[in-house]
Amino acid sequence: MLAPFTPFTPAVPLAVTVDTPRWNWRRSWRRTGLPWLYVSPVAILVATGVLYPLVYVLFLATVDYSPYLGKAAVDVGMRNYLRVLDDPGFWSALWASIIWVLGSVVPQFMLGLAMALVLNEKFRGRGFVRTVILAPWAVSGVVTGFIWLWLFDGTIGVINDLLLRATVIDEPVAWGINSLTTWLMVFVANAWRGAPFFAIVILAALQSIDASLYEAADVDGATRWQKFRFVTLPLILNAIVISTLLRALWTFNFIDLLWMMTRGGPAGTTTTLPIYIFDVIYQRGEFGYGAALSVVLCAMLIVFSAAYWQLNRLTRTKS
Amino acid sequence: MASNQLTDRRRVLRGLAVAATLPTILARPAWSQANPVKISFGWPFANGTQGIEELAKRFSEEKRTIQVEVQVIPQAQVLPRLTTAFTGGQAPDCLGMSDAWLAQFAGGGWLSDLEDLISASGIEKELVPASMQLARLYKGRAYYAGFVVEPYAVYYNKKHYAEAGISQAPRDVDEFRNTAIKLTNRARNRYGYYAMGGSGWQFQQWSTWMVNHGGLGVANTMYDAQGKCVLASAKHIEGLEKWVALYQVDKVSPPASATGTFQDQTNAFNAGQIGTVMGWGQYLSTLANGIGEENLGTALPPMGPAGQFFFYGGNGFAINKNTAHREACWEFIRFMLRADNNARWNQTGGAIPTARQAWSADWLKAPKYVAPMEMINRANALINNPRYLPGYGSFQTQFAPEQIQRTLLGRQTAAEHAKAVANALDELRAKAG
């Protein structure tokens with residue numbers, strides 16, 4: 001049975017003084033208004049430079065807009081997105097993009113890692129080598145494309161000439177007419193340009209590793225490979241994840257080098273999504289459909305980034 | 001002494017006062033001279049920038065009421081840059097315009113219709129008819145005034161020809177094939193022809209063979225009276241097969257040419273590896289510099305069973321529809337198209353001026369200009385190619401190269417190729433309405 005309810009009666013009556021808060025507008029302005037004032041230039045810039053175009057592209061993706069035909073935009077709802085799914089050009093360009101990203105990023109990373117490991121060692125002239133090795137990263141995609149295109153030229157190219165002199169080949173190879181050799185050509189060119197980026201990032205991470213960790217590993221009798229596997233790799237993993245993710249995203253959107261070297265050929269083999277979108281928008285003049293393709297591309301990249309990041313987190317948690 | 005010093009000081013002060021007021025007195029009153037009109041001129045071509053800047057400078061000096069500012073637009077980025085500029089209301093007041101983009105920009109409603117200015121100025125009589133025909137390629141209205149007209153001619157290396165014992169350029173397709181075979185020596189990395197399959201006016205090469213076998217449609221277009229593209233007929237396919245055979249069977253063209261661009265073709269020709277190429281008129285100086293003026297020969301494209309047909313193109317000056325200074329822009333255009341100015345600009349590039357008065361100049365009497373000028377004058381053989389359709393840009397730079405690469409590399413037959421091309425051109429026409 002429950003005890004009867006006895007209300008609490010304080011021995012001493014509570015003296016409650018209610019201090020009516022005075023509205024301090026100055027404090028309030030400092031706490032809430034001023035920070036907004038400070039961030040407002042950036043907020044306005046972001047809104048006009050990023051949000052507005054983004055919203056505009058989302059809007060464009062829902063209309064049929066062909067300005068070159070002088071026609072006004074007509075609302076088509078989700079039809080542009082449905083057209084993407086039915087478009088064989090989109091799927092073949094997506095496949096080409098995947099090949100392009102994988103074939104570019106993997107060798108670039110391997111080469112960059114090797115370069116960083118070598119540059120982390122002490123040797124005479126290291127400063128000079130570090131500077132020189134980073135030079136290709138400073139060259140623009142268009143110039144890189146031109147350089148490698150001429151080196152690989154099937155009629156007057158230096159690479160063919162060297163291979164002929166070394167009797168590796170009997171007659172000049174037409175690198176750009178075969179799918180496999182064309183991919184090889186662009187991967188080599190992109191690796192030349194992109195590997196220094198990995199080298200810079202990984203080298204920075206390598207230099208932040210405490211030397212005492214290696215000393216401890218030496219005391220434990222670790223081999224070179226074990227030191228790399230259990231000391232170096234875990235400590236540079238973050239840098240690797242970020243750099244590969246960034247490079248993959250850049251490569252996916254990278255058009256200059258590929259456009260300069262192949263123009264999407266042979267027979268459309270290297271027509272990646274950005275090249276395809278460029279053609280749809282600026283050459284066919286289908287701005288609405290092109291916007292839908294861009295939104296799909298953007299969504300895919302966001303999903304890829306999130307998945308990659310999540311995968312990395314899971315792997316780290318497990319280990 | 002003191003009074004002398006005072007007088008000197010007064011004189012100095014008086015002198016200073018006069019010196020200060022003199023420029024104001026001498027200068028014309030502000031109201032007597034209107035502020036000069038400032039116009040911007042967009043130059044979207046890789047070549048000829050210096051010549052245009054020089055003309056703009058001279059015009060601004062001569063015509064003090066109009067000042068021209070030249071804005072150089074990289075040719076590779078013309079479409080995105082100008083489209084963005086026009087849609088955003090930031091495009092130049094007037095600009096250089098290629099026939100390749102004319103339909104796109106005129107179709108977008110961004111270019112001013114120049115018919116009134118052309119008829120009032122009487123400039124039509126001064127310009128080559130072929131150029132005016134190009135100016136009116138979009139819906140029959142003039143959207144530019146041409147400053148250069150270029151035929152798509154045959155260029156050959158006279159030295160190669162002499163070494164192979166060939167005395168003249170081929171006149172028909174059979175002669176063309178035999179000549180190319182004679183010129184080819186694969187062991188020496190020498191080829192008779194460059195069957196270009198990459199981007200950059202490859203369509204003009206293979207479609208020449210198609211039309212010289214199957215002929216053209218109504219008004220020298222590629223469409224028949226029913227509006228259907230004529231390129232898929234048996235005769236047209238036969239022409240294409242013969243052209244493809246030069247690469248696949250006779251092997252008179254370098255293997256790499258299947259994806260080679262216009263630039264690759266130029267490089268190979270200038271390196272002395274190719275006997276014969278086809279290209280535009282502005283090519284002349286580049287090729288003459290490459291192999292030597294004395295070695296460069298020009299000729300008409302070969303004749304087929306259906307006759308001889310030529311492609312021609314050109315660039316002109318257009319005016320932004322939304323400019324506030326239409327008259328000033330036209331005045332600048334008239335200045336640039338004056339026979340002396342037009343001739344001077346074209347001479348540096350080795351191109352053919354549109355001003356007819358300039359055609360009597362001595363430099364245009366050089367042998368290398370004979371064939372190109374004959375082509376421009378034979379209006380009945382000029383192909384009215386479908387660049388007047390908005391969307392042709394994509395056909396020319398993406399669709400057509402992909403198709404010809406498939407065909408050259410044996411991934412599709414000439415018949416499949418012709419059908420795909422005809423369908424694409426039909427679609428373009430249908431879209432244009």
# chains A, B, ... in the order shown; residues from 1 in each chain; ligands from 1
>>> residues_around(residues="range 68-80 of chain A", least_positions_apart="6", cutoff="7 Å", atoms="only C-alpha atoms", output="list in words")
Ala61, Thr62, Gly285, Tyr289 and Ala292 of chain A; Gln104, Phe105, Gly107, Gly108, Gly109, Pro390 and Ala432 of chain B
>>> closest_atom_pairs(of="chain B", to="chain A", cutoff="9 Å", atoms="only C-alpha atoms", output="Markdown table")
| residue | atom | partner | partner_atom | distance |
| --- | --- | --- | --- | --- |
| B:Leu79 | CA | A:Tyr282 | CA | 6.0 |
| B:Pro80 | CA | A:Tyr282 | CA | 6.1 |
| B:Thr83 | CA | A:Tyr282 | CA | 8.0 |
| B:Thr87 | CA | A:Pro67 | CA | 8.8 |
| B:Ala103 | CA | A:Tyr68 | CA | 7.7 |
| B:Gln104 | CA | A:Tyr68 | CA | 4.8 |
| B:Phe105 | CA | A:Tyr68 | CA | 6.3 |
| B:Ala106 | CA | A:Tyr68 | CA | 7.6 |
| B:Gly107 | CA | A:Tyr68 | CA | 5.0 |
| B:Gly108 | CA | A:Tyr68 | CA | 4.2 |
| B:Gly109 | CA | A:Gly70 | CA | 6.0 |
| B:Arg186 | CA | A:Glu171 | CA | 8.8 |
| B:Ala187 | CA | A:Glu171 | CA | 8.3 |
| B:Asn189 | CA | A:Thr155 | CA | 7.6 |
| B:Gly198 | CA | A:Gly265 | CA | 7.8 |
| B:Ser199 | CA | A:Arg263 | CA | 7.0 |
| B:Pro254 | CA | A:Thr155 | CA | 6.7 |
| B:Pro255 | CA | A:Ala174 | CA | 5.7 |
| B:Ala256 | CA | A:Ala174 | CA | 4.4 |
| B:Ser257 | CA | A:Gly154 | CA | 8.1 |
| B:Ala258 | CA | A:Ile177 | CA | 6.4 |
| B:Thr259 | CA | A:Ile177 | CA | 6.0 |
| B:Gly260 | CA | A:Gly176 | CA | 8.1 |
| B:Asp264 | CA | A:Asp153 | CA | 8.1 |
| B:Asn267 | CA | A:Ile156 | CA | 8.1 |
| B:Ala268 | CA | A:Ile156 | CA | 6.7 |
| B:Ala271 | CA | A:Ile156 | CA | 7.7 |
| B:Gln273 | CA | A:Thr155 | CA | 8.1 |
| B:Pro390 | CA | A:Tyr68 | CA | 6.2 |
| B:Gly391 | CA | A:Arg284 | CA | 4.5 |
| B:Tyr392 | CA | A:Arg284 | CA | 7.5 |
| B:Gly393 | CA | A:Gln283 | CA | 5.3 |
| B:Ser394 | CA | A:Gln283 | CA | 4.5 |
| B:Phe395 | CA | A:Arg284 | CA | 8.0 |
| B:Thr397 | CA | A:Gln283 | CA | 8.3 |
| B:Gln398 | CA | A:Asp279 | CA | 7.4 |
| B:Phe399 | CA | A:Gly268 | CA | 9.0 |
| B:Pro401 | CA | A:Ala267 | CA | 7.3 |
| B:Glu402 | CA | A:Ala267 | CA | 4.2 |
| B:Gln403 | CA | A:Ala267 | CA | 6.7 |
| B:Ile404 | CA | A:Ala267 | CA | 7.9 |
| B:Gln405 | CA | A:Ala267 | CA | 5.2 |
| B:Arg406 | CA | A:Ala267 | CA | 5.4 |
| B:Thr407 | CA | A:Ala267 | CA | 9.0 |
| B:Leu409 | CA | A:Ile177 | CA | 7.5 |
| B:Arg411 | CA | A:Ala267 | CA | 9.0 |
| B:Lys431 | CA | A:Leu69 | CA | 8.5 |
| B:Ala432 | CA | A:Leu69 | CA | 6.7 |
>>> atom_distance(atom1="CA of Thr354 in chain B", atom2="CA of Gly290 in chain B")
25.7 Å
>>> residues_around(residues="Leu293 in chain A", least_positions_apart="5", cutoff="10 Å", atoms="only C-alpha atoms", output="PDB file with C-alpha atoms, in the first residue's frame")
ATOM      1  CA  ALA A  61      18.175  19.544 -65.400  1.00  0.00           C
ATOM      2  CA  ASN A  80      16.070  14.295 -68.591  1.00  0.00           C
ATOM      3  CA  TYR A  81      17.140  11.979 -65.754  1.00  0.00           C
ATOM      4  CA  ARG A  83      16.862   9.798 -70.602  1.00  0.00           C
ATOM      5  CA  VAL A  84      20.259   9.401 -68.891  1.00  0.00           C
ATOM      6  CA  LEU A  85      19.421   5.806 -68.002  1.00  0.00           C
ATOM      7  CA  PHE A  90      26.226   7.817 -71.017  1.00  0.00           C
ATOM      8  CA  LEU A 273      31.752  11.522 -68.959  1.00  0.00           C
ATOM      9  CA  PRO A 274      33.135  15.073 -68.812  1.00  0.00           C
ATOM     10  CA  TYR A 276      30.549  13.558 -73.280  1.00  0.00           C
ATOM     11  CA  ILE A 277      28.878  16.273 -71.188  1.00  0.00           C
ATOM     12  CA  VAL A 280      26.119  17.472 -75.217  1.00  0.00           C
ATOM     13  CA  ILE A 281      26.099  21.002 -73.813  1.00  0.00           C
ATOM     14  CA  PHE A 287      21.784  22.427 -71.982  1.00  0.00           C
ATOM     15  CA  GLY A 288      18.958  20.752 -70.056  1.00  0.00           C
ATOM     16  CA  CYS A 298      28.102  14.903 -59.230  1.00  0.00           C
ATOM     17  CA  ALA A 299      25.847  12.498 -57.309  1.00  0.00           C
TER      18      ALA A 299
END
>>> atom_distance(atom1="CA of Ser207 in chain B", atom2="CA of Gly239 in chain B")
8.4 Å
>>> atom_distance(atom1="CA of Lys251 in chain B", atom2="CA of Val154 in chain B")
19.1 Å
>>> select_by_dssp(residues="range 259-396 of chain B", states="helix (DSSP H, G or I)", output="MDAnalysis selection string")
chainID B and resid 262:270 283:291 293:295 326:336 339:349 356:360 362:365 367:377 379:381 386:388 392:396
